[in-house]
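**Q** The following file, target31.cif, comprises mmCIF, C-alpha atoms:
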data_query
#
loop_
_atom_site.label_atom_id
_atom_site.label_comp_id
_atom_site.auth_asym_id
_atom_site.auth_seq_id
_atom_site.Cartn_x
_atom_site.Cartn_y
_atom_site.Cartn_z
CA MET A 1 162.70 -21.39 162.53
CA PRO A 2 159.82 -21.14 165.06
CA PRO A 3 158.34 -17.70 165.79
CA LYS A 4 159.84 -15.56 168.54
CA LEU A 5 157.59 -14.82 171.49
CA LEU A 6 157.42 -11.78 173.74
CA CYS A 7 155.78 -12.16 177.14
CA ALA A 8 156.11 -10.08 180.30
CA GLY A 9 158.55 -7.77 178.54
CA ARG A 10 160.86 -10.44 177.14
CA CYS A 11 161.34 -11.46 173.54
CA VAL A 12 162.33 -15.10 173.70
CA GLY A 13 163.95 -16.50 170.58
CA GLN A 14 164.75 -20.02 169.47
CA ASP A 15 167.90 -19.98 171.57
CA GLY A 16 166.09 -18.67 174.64
CA ALA A 17 167.85 -15.30 174.48
CA ALA A 18 165.84 -12.29 175.66
CA GLN A 19 165.70 -9.02 173.78
CA ALA A 20 163.54 -5.89 173.88
CA TRP A 21 161.60 -4.48 170.92
CA HIS A 22 161.51 -0.75 170.28
CA CYS A 23 159.56 1.25 167.70
CA PRO A 24 160.70 4.68 166.43
CA PRO A 25 158.19 7.43 167.33
CA GLY A 26 155.17 7.47 165.05
CA GLN A 27 155.83 4.06 163.58
CA GLY A 28 155.08 0.82 165.41
CA HIS A 29 155.74 -2.86 164.92
CA SER A 30 155.22 -4.36 161.51
CA VAL A 31 152.82 -7.27 161.68
CA TRP A 32 155.58 -9.28 160.01
CA ASP A 33 157.82 -8.70 163.07
CA ALA A 34 157.93 -11.54 165.58
CA VAL A 35 156.22 -10.21 168.69
CA ARG A 36 154.08 -11.30 171.60
CA MET A 37 153.26 -8.14 173.55
CA PRO A 38 151.51 -8.18 176.95
CA LEU A 39 150.04 -4.68 177.09
CA GLY A 40 147.02 -2.78 178.16
CA ALA A 41 146.02 -1.91 181.71
CA GLY A 42 147.40 -4.98 183.39
CA THR A 43 145.78 -7.38 180.97
CA PRO A 44 147.79 -9.38 178.43
CA VAL A 45 147.95 -8.41 174.83
CA ASN A 46 149.17 -11.66 173.36
CA VAL A 47 150.57 -11.75 169.84
CA GLN A 48 152.01 -14.62 167.86
CA ARG A 49 153.69 -14.25 164.48
CA ARG A 50 154.47 -17.16 162.19
CA GLU A 51 157.17 -17.32 159.52
CA ASP A 52 156.59 -16.26 155.89
CA SER A 53 156.27 -19.91 154.95
CA ALA A 54 152.97 -20.15 156.83
CA THR A 55 150.73 -22.71 155.22
CA GLU A 56 147.32 -21.99 153.77
CA GLY A 57 144.75 -21.67 156.56
CA SER A 58 147.31 -20.65 159.18
CA HIS A 59 147.90 -17.19 160.62
CA ARG A 60 150.97 -14.99 160.42
CA LEU A 61 149.74 -12.99 163.40
CA ILE A 62 147.26 -13.63 166.21
CA LEU A 63 146.61 -10.82 168.70
CA ALA A 64 144.26 -10.78 171.69
CA ALA A 65 144.02 -7.60 173.77
CA ASN A 66 141.94 -6.02 176.52
CA ARG A 67 141.49 -2.34 177.17
CA ASP A 68 140.95 -1.64 180.89
CA GLU A 69 139.77 1.90 181.53
CA PHE A 70 137.30 3.98 183.55
CA TYR A 71 133.86 3.28 182.14
CA SER A 72 133.05 6.98 182.05
CA ARG A 73 136.03 7.93 179.84
CA PRO A 74 134.59 8.85 176.42
CA SER A 75 135.87 7.08 173.33
CA LYS A 76 134.86 6.13 169.80
CA LEU A 77 134.48 2.58 168.57
CA ALA A 78 137.06 1.23 166.12
CA ASP A 79 136.90 2.61 162.60
CA PHE A 80 139.23 3.72 159.80
CA TRP A 81 140.69 7.22 160.16
CA GLY A 82 143.70 9.28 159.09
CA ASN A 83 144.30 11.28 155.92
CA ASN A 84 143.62 8.29 153.69
CA ASN A 85 141.59 6.18 156.10
CA GLU A 86 144.67 4.02 156.50
CA ILE A 87 144.53 3.45 160.29
CA LEU A 88 142.01 1.20 162.02
CA SER A 89 141.56 1.80 165.76
CA GLY A 90 139.32 3.10 168.48
CA LEU A 91 139.78 6.72 169.54
CA ASP A 92 140.13 8.27 172.98
CA MET A 93 137.80 11.28 173.27
CA GLU A 94 138.84 12.47 176.75
CA GLU A 95 138.76 16.29 176.74
CA GLY A 96 142.21 17.62 175.96
CA LYS A 97 143.43 14.23 174.77
CA GLU A 98 141.12 13.64 171.82
CA GLY A 99 142.36 11.53 168.96
CA GLY A 100 144.73 9.13 170.70
CA THR A 101 144.31 5.38 170.73
CA TRP A 102 145.26 2.34 172.81
CA LEU A 103 145.61 -0.14 169.93
CA GLY A 104 145.62 0.23 166.16
CA ILE A 105 146.78 -1.27 162.87
CA SER A 106 147.41 0.39 159.52
CA THR A 107 146.55 -0.97 156.10
CA ARG A 108 150.31 -1.14 155.42
CA GLY A 109 150.87 -3.48 158.34
CA LYS A 110 152.07 -1.25 161.18
CA LEU A 111 150.78 -2.18 164.61
CA ALA A 112 150.97 -0.05 167.78
CA ALA A 113 149.61 -0.38 171.32
CA LEU A 114 149.71 1.61 174.58
CA THR A 115 149.58 0.59 178.23
CA ASN A 116 149.65 2.29 181.62
CA TYR A 117 151.94 1.64 184.58
CA LEU A 118 150.39 0.73 187.93
CA GLN A 119 151.75 2.76 190.83
CA PRO A 120 150.27 4.33 193.99
CA GLN A 121 151.35 7.88 193.06
CA LEU A 122 152.02 9.63 189.76
CA ASP A 123 155.60 10.58 188.92
CA TRP A 124 155.31 13.65 186.72
CA GLN A 125 159.07 13.57 186.03
CA ALA A 126 159.04 10.01 184.70
CA ARG A 127 160.17 9.48 181.13
CA GLY A 128 158.11 7.62 178.54
CA ARG A 129 158.95 3.97 177.96
CA GLY A 130 158.91 3.97 174.06
CA THR A 131 156.63 1.47 172.44
CA TYR A 132 158.33 -1.69 174.21
CA GLY A 133 156.14 -4.72 174.85
CA LEU A 134 155.14 -4.96 178.53
CA SER A 135 152.34 -5.21 181.04
CA ASN A 136 151.38 -2.67 183.72
CA ALA A 137 154.82 -3.04 185.23
CA LEU A 138 158.49 -2.82 184.38
CA LEU A 139 159.94 -5.00 181.65
CA GLU A 140 160.27 -8.65 182.67
CA THR A 141 157.76 -8.45 185.54
CA PRO A 142 155.93 -11.81 185.40
CA TRP A 143 152.56 -11.02 186.94
CA ARG A 144 150.62 -14.24 187.57
CA LYS A 145 147.66 -13.14 185.46
CA LEU A 146 150.00 -12.46 182.54
CA CYS A 147 151.45 -15.95 182.79
CA PHE A 148 147.95 -17.41 183.17
CA GLY A 149 146.64 -15.41 180.22
CA LYS A 150 149.63 -16.47 178.13
CA GLN A 151 148.91 -20.14 178.84
CA LEU A 152 145.24 -19.78 177.85
CA PHE A 153 146.29 -17.90 174.72
CA LEU A 154 148.86 -20.53 173.74
CA GLU A 155 146.26 -23.26 174.09
CA ALA A 156 143.93 -21.39 171.74
CA VAL A 157 146.76 -20.71 169.27
CA GLU A 158 147.79 -24.36 169.23
CA ARG A 159 144.24 -25.23 168.15
CA SER A 160 144.01 -22.37 165.66
CA GLN A 161 144.82 -24.25 162.45
CA ALA A 162 142.06 -26.75 163.17
CA LEU A 163 139.45 -24.09 164.02
CA PRO A 164 137.25 -22.02 161.69
CA LYS A 165 138.08 -18.34 162.02
CA ASP A 166 134.89 -17.43 163.87
CA VAL A 167 135.46 -20.23 166.39
CA LEU A 168 139.06 -19.08 166.97
CA ILE A 169 137.85 -15.51 167.58
CA ALA A 170 135.23 -16.77 170.04
CA SER A 171 137.87 -18.84 171.82
CA LEU A 172 140.20 -15.84 172.16
CA LEU A 173 137.34 -13.69 173.45
CA ASP A 174 136.76 -16.32 176.12
CA VAL A 175 140.43 -15.93 177.14
CA LEU A 176 140.10 -12.15 177.37
CA ASN A 177 136.97 -12.42 179.52
CA ASN A 178 138.36 -14.85 182.08
CA GLU A 179 137.59 -13.41 185.55
CA GLU A 180 139.52 -15.94 187.66
CA ALA A 181 141.71 -14.02 190.13
CA GLN A 182 145.34 -15.19 190.00
CA LEU A 183 146.30 -14.81 193.64
CA PRO A 184 148.42 -14.55 195.64
CA ASP A 185 150.61 -12.29 193.50
CA PRO A 186 153.25 -10.41 195.55
CA ALA A 187 154.47 -8.62 192.39
CA ILE A 188 151.16 -6.77 191.92
CA GLU A 189 150.78 -6.09 195.65
CA ASP A 190 154.30 -4.73 196.04
CA GLN A 191 153.97 -2.53 192.97
CA GLY A 192 150.45 -1.22 193.62
CA GLY A 193 150.75 -0.88 197.39
CA GLU A 194 147.71 0.38 199.25
CA TYR A 195 146.23 1.69 196.00
CA VAL A 196 145.62 -1.78 194.57
CA GLN A 197 144.46 -3.53 197.76
CA PRO A 198 140.74 -2.55 197.60
CA MET A 199 140.43 -3.98 194.07
CA LEU A 200 143.09 -6.71 194.20
CA SER A 201 140.70 -9.66 193.89
CA LYS A 202 139.28 -8.15 190.67
CA TYR A 203 142.46 -6.56 189.30
CA ALA A 204 144.39 -9.85 189.49
CA ALA A 205 142.23 -11.42 186.76
CA VAL A 206 142.71 -11.27 182.99
CA CYS A 207 139.31 -9.56 182.76
CA VAL A 208 138.99 -6.77 185.34
CA ARG A 209 135.56 -6.03 186.82
CA CYS A 210 135.73 -3.19 189.37
CA PRO A 211 133.03 -0.58 190.12
CA GLY A 212 133.41 2.14 187.50
CA TYR A 213 136.61 0.66 186.06
CA GLY A 214 137.64 -2.45 184.22
CA THR A 215 137.80 -4.27 180.92
CA ARG A 216 135.62 -2.38 178.47
CA THR A 217 137.06 -3.43 175.10
CA ASN A 218 138.26 -6.77 173.71
CA THR A 219 140.23 -6.74 170.45
CA ILE A 220 141.22 -9.67 168.25
CA ILE A 221 143.46 -9.18 165.20
CA LEU A 222 144.18 -12.08 162.84
CA VAL A 223 146.48 -11.87 159.81
CA ASP A 224 146.48 -14.94 157.59
CA ALA A 225 149.12 -16.33 155.23
CA ASP A 226 147.90 -14.09 152.39
CA GLY A 227 148.00 -10.88 154.43
CA HIS A 228 144.23 -10.77 154.97
CA VAL A 229 143.39 -8.96 158.22
CA THR A 230 140.36 -9.65 160.41
CA PHE A 231 139.92 -7.03 163.14
CA THR A 232 137.22 -7.80 165.73
CA GLU A 233 136.36 -5.36 168.51
CA ARG A 234 133.88 -6.09 171.32
CA SER A 235 133.04 -2.92 173.27
CA MET A 236 130.96 -2.05 176.31
CA MET A 237 128.21 0.43 175.46
CA ASP A 238 126.88 3.22 177.66
CA LYS A 239 128.92 2.11 180.71
CA ASP A 240 126.60 -0.91 180.92
CA LEU A 241 128.21 -4.31 181.64
CA SER A 242 125.19 -6.03 180.11
CA HIS A 243 125.34 -4.08 176.84
CA TRP A 244 128.14 -4.89 174.35
CA GLU A 245 128.61 -4.29 170.62
CA THR A 246 130.87 -6.34 168.36
CA ARG A 247 132.29 -4.98 165.10
CA THR A 248 134.44 -6.78 162.56
CA TYR A 249 136.54 -5.21 159.80
CA GLU A 250 138.40 -7.09 157.08
CA PHE A 251 141.03 -5.91 154.59
CA THR A 252 144.18 -7.08 152.83
CA LEU A 253 147.51 -5.51 153.75
CA GLN A 254 148.98 -3.19 151.15
CA SER A 255 152.44 -4.06 149.88
#
Can I see the file as structure tokens?
**A**
Amino acid sequence: MPPKLLCAGRCVGQDGAAQAWHCPPGQGHSVWDAVRMPLGAGTPVNVQRREDSATEGSHRLILAANRDEFYSRPSKLADFWGNNNEILSGLDMEEGKEGGTWLGISTRGKLAALTNYLQPQLDWQARGRGTYGLSNALLETPWRKLCFGKQLFLEAVERSQALPKDVLIASLLDVLNNEEAQLPDPAIEDQGGEYVQPMLSKYAAVCVRCPGYGTRTNTIILVDADGHVTFTERSMMDKDLSHWETRTYEFTLQS
């Protein structure tokens, strides 16, 4: 059976049926679950999972994600943390919110990610949305840049078995750093209202480049047929768009 895909808040199975994914608090998706999750500050987090019969050289999971955030918000680069160093992620160091993360994976194969919701004004009475897969909008909101990012991602995934791992990672990083504005997009304009208008031409791209705000971290996670994980993080340093650092971690999932 082909893998299920989740894009723009929909999990689309072999029969075309849509279903939502939900993680109990404190857990997260297993990397063996079939998910494609568009997450993270309006930019797609694309994930593809293959069946357990994946052939040698193929990948059970391919994830490509952007973190869009204010450049001045302090954070730590990805590393292992937790009581037994079992969680690999970056860390938010905003005063009063230290220790949280936007994307992480555990050595036992749990994966979790966080996104924001674009709106002109904050609703302090709003309830949390769980750990569903979505973009910066309600479930099943097909922003044009999500659909565009998905297509670029699928093209890279389709070539993945024929590409060396480092070339695949470079190809996915190219997807995450695509700055082509996908306009017009009434869905973003209607949702963001006057708030989004001044930055619309930048915000409507997979890679956001606004003054003081935008894409500051790219993350690629690959899990191969043997459960070997390659976690690559490319991060902006010192709020400088010309200064980036890339780190790669590798480990094998624990049973």
**Q** Could you tell me how far CA of Thr252 in chain A lies from CA of Val223 in chain A, in Å and to one decimal?
**A**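 Calculated distance between CA of Thr252 in chain A and CA of Val223 in chain A is 8.8 Å.
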**Q** Hey, can you check how far CA of Asn178 in chain A sits from CA of Arg247 in chain A?
**A**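 Computing the Euclidean distance for CA of Asn178 in chain A and CA of Arg247 in chain A yields 20.6 Å.
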**Q** Could you list, as a ChimeraX atom specification, every residue matched by the PyMOL selection byres ((chain A and resi 190) around 12) in this structure?
**A** /A:118-120,137,141,143,184-189,191-197,200
**Q** Give the answer as one residue: which of A:Asp68, A:Glu233, A:Asp238, A:Glu155 has the shortest atom-to-atom distance to Glu250 in chain A, using only C-alpha atoms?
**A** A:Glu233
**Q** On this structure, which residues satisfy the PyMOL selection byres ((chain A and resi 75) around 7), written as a VMD selection string?
**A** chain A and resid 73 to 74 76 to 77 91 to 93
**Q** For CA of Leu241 in chain A and CA of Leu111 in chain A, quote the distance in Å rounded to one decimal.
**A** 28.4 Å
**Q** Since I can't run it myself right now, could you work out what the PyMOL selection byres ((chain A and resi 82) around 12) selects here and report it as a ChimeraX atom specification?
**A** /A:79-81,83-89,91,99-100,104-107
**Q** Using all atoms listed in the file, which of A:Ser171, A:Ser235, A:Thr248, A:Ser242 sits nearest Ala64 in chain A?
**A**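 For Ala64 in chain A, the nearest of the given residues is A:Ser171.
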**Q** So, counting all atoms listed in the file, which residue among A:Ser58, A:Asn66, A:Asp123, A:Tyr203 is closest to Trp102 in chain A?
**A**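 Smallest separation from Trp102 in chain A among the options: A:Asn66.
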**Q** Tell me, as a list in words, which residues lie within 8 Å of range 215-219 of chain A, counting only C-alpha atoms; anything in the same chain fewer than 3 positions away does not count.
**A**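 Near range 215-219 of chain A, the qualifying residues are Leu63, Ala64, Ala65, Asn66, Arg67, Asp68, Glu69, Tyr71, Leu173, Leu176, Cys207, Val208, Arg209, Phe231, Thr232, Glu233, Arg234, Ser235 and Met236 of chain A.
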**Q** Rank nothing, just name the residue among A:Asp240, A:Thr131, A:Ser201, A:Val175 nearest to Leu103 in chain A, using only C-alpha atoms.
**A**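 Result for the nearest residue to Leu103 in chain A: A:Thr131.
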**Q** List the spatial neighbours of Ser255 in chain A as a ChimeraX atom specification - criterion: any atom at most 12 Å away, only C-alpha atoms, same-chain residues fewer than 3 positions off excluded.
**A** /A:30,32,106-110,226-228,252
**Q** Which of these residues is nearest to Glu158 in chain A, using only C-alpha atoms: A:Phe70, A:Ile220, A:Lys145, A:Leu172?
**A**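 Looking at the shortest contact to Glu158 in chain A, the residue is A:Leu172.
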**Q** My list of candidates is A:Tyr249, A:Lys97, A:Gly90, A:Cys147. Which is closest to Ala113 in chain A when distances are computed with only C-alpha atoms?
**A**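 Checking each of A:Tyr249, A:Lys97, A:Gly90, A:Cys147 against Ala113 in chain A, counting only C-alpha atoms, the winner is A:Gly90.
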